[in-house]
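Novice: The structure's right below; bear with me while I get my questions together.
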Amino acid sequence: MLRFSVPLTIVLVTTSLFPAVTFAQKNKKNNAKDELKLEDLFPEKSIFGPSARRPEFSADGRYAAYLYRPYNERRHGNDLWVYDFKTGKAKRITDIGMMSEFQRSSRIVIEDRLKKHKGDSDQDDEKSDKPTRSDDEEDDQDDAEEAETEKTEEELEAEREIYLNVSDKDADDEYAPAYSGIASFQWHPTENRMLLISEGDVYLINDLDTSEPVRLTKTDERESQVAFLPDGSGYTVRRDNAVLRFTFGEHLVEQLSPKLPSGENLSRYEISPDGKRMVLVSRTKDSSGGRTVDIIRYRDRFAKSDRVSRTVSDDEVKPQTIKVYLFEFDAAETEQADLIQIFDETIDEPRDIISSPRWSLDNEQVTFCFFDQENAEVQILLSKWPSGEELAEATKKAKRERQKEFQKDMSEAKEKDKEDQTPGRRGPRGGSPAAPERLKIEAKTVYLFKHYGGPNTPSMVSPDFAGDSKSIVFISEQSGFRHVHLLDPLYESVRQLTSGRFEVYPIRLSDDHTQLFVTATKESAAQQMVYVLDLEDGELTRLNKEDGNFSDVAISNDGKRMIGNHVTYGELTELVAQNEKKKVTRITDSHPEKTQSLIDIEPEFFDYENRLGHTISGMMFKPKGWKKRDKHPLLIYVYGGPLGNRHSVNDGSYSADGYFFQMYMAQKHGYVTIVVDPRGQSGYGGLFEKSNYEQVGKPQVEDLVDGVKFMTENFNTDDQRVAIYGWSFGGFQTQMCLYTEPDVFQVGMAGAGPTQWENYNSWYTTGTVGPSRKGTPDQEKYSLVPLAKNLEGKLLLVHGMEDTNVLFQDTMAVYRALLKAGKETNVELFLDPTGGHGLGGDVKRLGRMRKYEEFLLRTIGPGESD
């Protein structure tokens, strides 16, 4: 396990050079200046800037494009930037001035910025002796002056300089107009050109040097999923329920997606590598059951209730039909195309999942998977493009079925005509001429396995073809951890390519599908680093030079260059580029200068064994001058629930609770503070992630009790002064610890905890907590309300009263139970009347941390610190 030690800076001063009094006064001033303050750690304006997003390499690997906005533009949208690996320089491709030529909204933002600048300039000028004019008179005068003379090039350039350099006044003005920016982009398959989407319209950049966008669409519809055609001759775009094809230099706009049967809507699609075929997924309209619940708002003179929709575990899930079709464009041009149905399934559980279908490189096969939550089964399916004989046979069956259906409808119409003498023919007229024939040729299940792991893994299976267009690559937790597997459909046999007590998360396949680029926790559970996996021999090669955590990673097709966000303790998250010689260049500078000084103290990583022998990961802050002989209070931060692939003990995780408050209480008040990832967290294998099922919170309590014992024995923490806190699932877990182990945990601060799981959303609870019958709140047995009477210590309950995620009523229910049990002196409420799940209404983060500090010092008391 990776370990870090906390660096202690020792300043040596030769006191003989100064009088003793002078030195003491100077030292006192320095200490006051360097003193940690909550106001510095939790200011109203975030101390972190936005990070770069969605980097992608050009086909030749020279350029990497990404979406980004500097710190002073933090409330606005991203622009497109490009890093040139040849020159080692980054260039901003789009900006608000460029987009203002096309977008009225951008022009409004520019006007607002110029007005703010003018207002600031006017305030700086000396007062004139001229009579004061009204605002209307000044505006009329300004308009008249602008009408008299056109602006010179110099004046226009000066204005551009103003509105591109966003002022602090604009950056923090939440009520001012905002620039939308660029939503997404895609590189041309062979050339250094790009498609962009901004405000739902499509733009083309033909030349990176001039970077002048060409507008391709101007509609009221919001285009999405824009993509170049495989040969780069045009592009496709999704518009509502249709996929359209535009060819550069041609006027014809073609709808590629076929007319779907009545009641079905396009869900997702993928075009074959040669651009001639499509696989698409359709769903019937979502008609989920569920209910509405009341949220009480106290913003006005009298309280008002708003209703929000909610589907809980005992609500009926109304079935949806999901289908997968194949379709050929060439045949569609002559209106001879058939819609080939290869899969038909009913979704009737919250976590039933179908993956996005993928084409083989030879354009002949499609693979996808389906997860049936009720049976805990994963099917990997394969469909080959049907032969002429198969198509002919399927066509005969489809025509027979269509004729039977037509005859049935006509027979019913005749019967109605006999009953009603009103003239006029009823019944169908033969169907729409635009509707293709629907053929049925079922995909084959080539691999079926039970999933006994964590609730989030089935959505990550995502099968795709290897370079031979035969083998199928997929992620599975069958070995206990998320690893890459290779399936041979011919023999229906599987080979595991990666293995070990770590997890692997795919980024993408190389263009020839012979390599898989991934991040993995191979060297440390606290770090995700970048690797290249050879699909032939299974060799996993580390790509990144720097240690730490990488996210939003892109890798050149040859696997030699990479770009991505990097963070490690002592450094901030920034976009970095690594070339083929492993030279690393930091590209972005995203954060205020002061932020770096707030992250100088690094936590110390540790691990321990729980009572069952599992390795539990943690990180710790020690007080200044910590010595093992001194007893210090122990403060634990915990989450404890599944979060996809995320957990709390991460290198470079500068979270408010897990880093800043923990560091503050250690340095300022002499606490030993730890963050622990018990069983229940994601990222440590299936056993951990699924451990809550039908015993929610219990494994975490065991691991945390063992953690307190470990800290007492190894770091001499005071086992009579132990506090624990957390948010959301961590708020539930905090209460669980205090109610079930009151001798171990004396104090708790529980934020927005779902204490009544029968009231939480069904998608989460049916996968994480346990099953439930329709109409029966079976998950009520996991409620903390009956356990609340066991509270012996001091508990602070925190909640936003407008929370639509974890309902405020959960906290009220457990608070009532505590009052009924005579625990009114053991419990306190801290509420945000206008706050949501993360507060943020009347209670800001600083206010919450002040409350935490005061509560801890009043209940646990201060520790010893130098």
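Following the order of the structure tokens, first chain is A, next is B, and so on, with residues numbered from 1 inside each chain and ligands from 1 in the order they appear.
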Would you give me, as a ChimeraX atom specification, the residues in stretch 723-807 of chain A that DSSP reads as helix (DSSP H, G or I)?
Specialist: /A:729-740,757-759,762-768,778-782,785-790
Novice: Residues near A:Glu264, anyone? I mean within 7 Å using only C-alpha atoms, not counting same-chain ones fewer than 3 positions away, as a tab-separated table (two decimals) with all heavy atoms, in the first residue's frame.
Specialist:
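Output contents, as saved in around_31.tsv:
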chain	number	residue	atom	x	y	z
A	260	LEU	N	-39.83	3.84	-36.98
A	260	LEU	CA	-40.00	2.78	-35.99
A	260	LEU	C	-41.47	2.46	-35.80
A	260	LEU	O	-42.34	3.30	-36.06
A	260	LEU	CB	-39.39	3.20	-34.66
A	260	LEU	CG	-37.87	3.35	-34.65
A	260	LEU	CD1	-37.39	3.94	-33.33
A	260	LEU	CD2	-37.18	2.02	-34.91
A	261	PRO	N	-41.79	1.25	-35.37
A	261	PRO	CA	-43.18	0.90	-35.10
A	261	PRO	C	-43.82	1.86	-34.09
A	261	PRO	O	-43.14	2.47	-33.27
A	261	PRO	CB	-43.08	-0.52	-34.52
A	261	PRO	CG	-41.80	-1.06	-35.08
A	261	PRO	CD	-40.87	0.12	-35.16
A	282	SER	N	-34.44	0.71	-29.47
A	282	SER	CA	-35.67	1.47	-29.26
A	282	SER	C	-36.28	1.09	-27.91
A	282	SER	O	-36.07	-0.01	-27.40
A	282	SER	CB	-36.68	1.20	-30.38
A	282	SER	OG	-37.30	-0.06	-30.19
A	283	ARG	N	-37.02	2.03	-27.36
A	283	ARG	CA	-37.76	1.79	-26.12
A	283	ARG	C	-39.19	2.29	-26.30
A	283	ARG	O	-39.42	3.29	-26.98
A	283	ARG	CB	-37.14	2.55	-24.94
A	283	ARG	CG	-35.85	1.98	-24.40
A	283	ARG	CD	-35.32	2.88	-23.30
A	283	ARG	NE	-34.07	2.42	-22.74
A	283	ARG	CZ	-33.94	1.77	-21.59
A	283	ARG	NH1	-35.02	1.52	-20.86
A	283	ARG	NH2	-32.77	1.38	-21.13
A	284	THR	N	-40.11	1.62	-25.65
A	284	THR	CA	-41.44	2.18	-25.57
A	284	THR	C	-41.42	3.32	-24.56
A	284	THR	O	-40.49	3.43	-23.76
A	284	THR	CB	-42.47	1.12	-25.14
A	284	THR	OG1	-42.02	0.50	-23.93
A	284	THR	CG2	-42.63	0.06	-26.21
A	285	LYS	N	-42.42	4.17	-24.64
A	285	LYS	CA	-42.45	5.36	-23.79
A	285	LYS	C	-42.40	4.97	-22.32
A	285	LYS	O	-43.07	4.03	-21.90
A	285	LYS	CB	-43.70	6.18	-24.07
A	285	LYS	CG	-43.74	7.50	-23.34
A	285	LYS	CD	-44.98	8.30	-23.73
A	285	LYS	CE	-45.00	9.64	-22.99
A	285	LYS	NZ	-46.20	10.43	-23.34
Novice: From a backbone DSSP assignment, name each residue in stretch 544-595 of chain A labelled strand (DSSP E or B), as a list in words.
Specialist: Asn549, Phe550, Ser551, Asp552, Val553, Ala554, Ile555, Met562, Ile563, Gly564, Asn565, His566, Val567, Glu574, Leu575, Val576, Ala577, Gln578, Val584, Thr585 and Arg586 of chain A
Novice: Could I get the residues of stretch 272-333 of chain A with an atom no further than 7 Å from an atom of stretch 355-362 of chain A, each paired with its nearest atom pair and that distance in Å to one decimal, using only C-alpha atoms, sorted by chain and residue number, as JSON lines?
Specialist:
{"residue": "A:Ser272", "atom": "CA", "partner": "A:Trp359", "partner_atom": "CA", "distance": 5.8}
{"residue": "A:Pro273", "atom": "CA", "partner": "A:Leu361", "partner_atom": "CA", "distance": 6.3}
{"residue": "A:Val279", "atom": "CA", "partner": "A:Pro357", "partner_atom": "CA", "distance": 6.9}
Novice: Give me, as a ChimeraX atom specification, all polymer residues having an atom no more than 10 Å from A:Trp81, counting only C-alpha atoms and skipping those fewer than 6 positions away in the same chain.
Specialist: /A:52,55,64-69,90-95
Novice: Which of these residues is nearest to A:Glu390, using only C-alpha atoms: A:Lys115, A:Arg679, A:Arg75, A:Lys440?
Specialist: A:Lys440
Novice: When you look at A:Asn544 with a cut-off of 9 Å (counting only C-alpha atoms), what residues show up, excluding the ones that are within fewer than 4 positions of it in the same chain? I need them as a VMD selection string.
Specialist: chain A and resid 529 to 531 550 562 578 582 584
Novice: I need the chosen residues saved as an mmCIF file, in the first residue's frame, with C-alpha atoms.
Specialist:
data_model
loop_
_atom_site.group_PDB
_atom_site.id
_atom_site.type_symbol
_atom_site.label_atom_id
_atom_site.label_comp_id
_atom_site.auth_asym_id
_atom_site.auth_seq_id
_atom_site.Cartn_x
_atom_site.Cartn_y
_atom_site.Cartn_z
ATOM 1 C CA MET A 529 -3.072 5.322 -13.293
ATOM 2 C CA VAL A 530 -2.967 4.777 -17.044
ATOM 3 C CA TYR A 531 -2.085 1.508 -18.790
ATOM 4 C CA PHE A 550 -5.656 10.403 -13.587
ATOM 5 C CA MET A 562 -1.387 10.805 -23.421
ATOM 6 C CA GLN A 578 3.022 13.292 -21.759
ATOM 7 C CA LYS A 582 7.646 10.525 -21.299
ATOM 8 C CA VAL A 584 5.363 15.665 -18.870
#
Novice: Give me the residues near stretch 735-749 of chain A as an mmCIF file with C-alpha atoms, in the first residue's frame, where near means some atom within 8 Å (using only C-alpha atoms) and where sequence neighbours in that chain fewer than 4 positions away do not count.
Specialist:
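Printed below is out14.cif as written:
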data_model
loop_
_atom_site.group_PDB
_atom_site.id
_atom_site.type_symbol
_atom_site.label_atom_id
_atom_site.label_comp_id
_atom_site.auth_asym_id
_atom_site.auth_seq_id
_atom_site.Cartn_x
_atom_site.Cartn_y
_atom_site.Cartn_z
ATOM 1 C CA GLY A 697 -24.610 -0.570 7.368
ATOM 2 C CA VAL A 701 -19.898 -0.725 11.677
ATOM 3 C CA VAL A 705 -15.053 -0.522 15.271
ATOM 4 C CA VAL A 708 -10.963 2.513 16.287
ATOM 5 C CA ASP A 719 -10.957 5.470 22.882
ATOM 6 C CA GLN A 720 -13.218 7.513 25.179
ATOM 7 C CA ARG A 721 -13.203 10.470 22.804
ATOM 8 C CA VAL A 722 -14.180 9.102 19.402
ATOM 9 C CA ALA A 723 -16.284 11.141 16.967
ATOM 10 C CA ILE A 724 -17.580 10.121 13.543
ATOM 11 C CA TYR A 725 -19.315 12.032 10.781
ATOM 12 C CA GLY A 726 -20.446 11.680 7.175
ATOM 13 C CA GLY A 731 -24.982 10.351 7.483
ATOM 14 C CA LEU A 784 -32.811 3.340 11.841
ATOM 15 C CA LEU A 787 -32.591 1.737 16.790
ATOM 16 C CA ALA A 788 -32.511 5.418 17.718
ATOM 17 C CA LYS A 789 -33.483 4.684 21.333
ATOM 18 C CA ASN A 790 -30.005 3.158 21.855
ATOM 19 C CA LEU A 791 -28.241 6.510 21.524
ATOM 20 C CA GLU A 792 -25.952 7.226 24.473
ATOM 21 C CA GLY A 793 -23.584 9.822 23.076
ATOM 22 C CA LYS A 794 -24.115 13.194 21.452
ATOM 23 C CA LEU A 795 -25.576 13.432 17.936
ATOM 24 C CA LEU A 796 -25.916 16.384 15.586
ATOM 25 C CA LEU A 797 -28.500 15.835 12.822
ATOM 26 C CA VAL A 798 -27.978 18.055 9.752
ATOM 27 C CA TYR A 852 -19.073 21.081 13.330
ATOM 28 C CA LEU A 856 -16.896 18.807 18.549
ATOM 29 C CA THR A 859 -18.702 17.446 23.199
ATOM 30 C CA ILE A 860 -15.311 15.778 22.656
#
Novice: Skipping near chain neighbours, those fewer than 3 positions away, what residues fall within 8 Å of A:Thr588 using only C-alpha atoms, listed as a list in words?
Specialist: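 Near A:Thr588, the qualifying residues are Ala52, Glu574, Leu575 and Val576 of chain A.
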Novice: Write out as a VMD selection string which residues come within 7 Å of A:Gln700 when counting only C-alpha atoms, dropping same-chain ones fewer than 4 positions away.
Specialist: chain A and resid 640 678 to 680 704
Novice: Hey, which of A:Asp207, A:Glu536, A:Glu174, A:Glu56 ends up closest to A:Val553? Count only C-alpha atoms.
Specialist: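 Ranked by minimum distance to A:Val553, first place goes to A:Glu56.
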Novice: Using only C-alpha atoms, which of A:Ile182, A:Thr766, A:Val785, A:Ala525 sits nearest A:Asp677?
Specialist: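 Under the stated criterion, the closest residue is A:Ala525.
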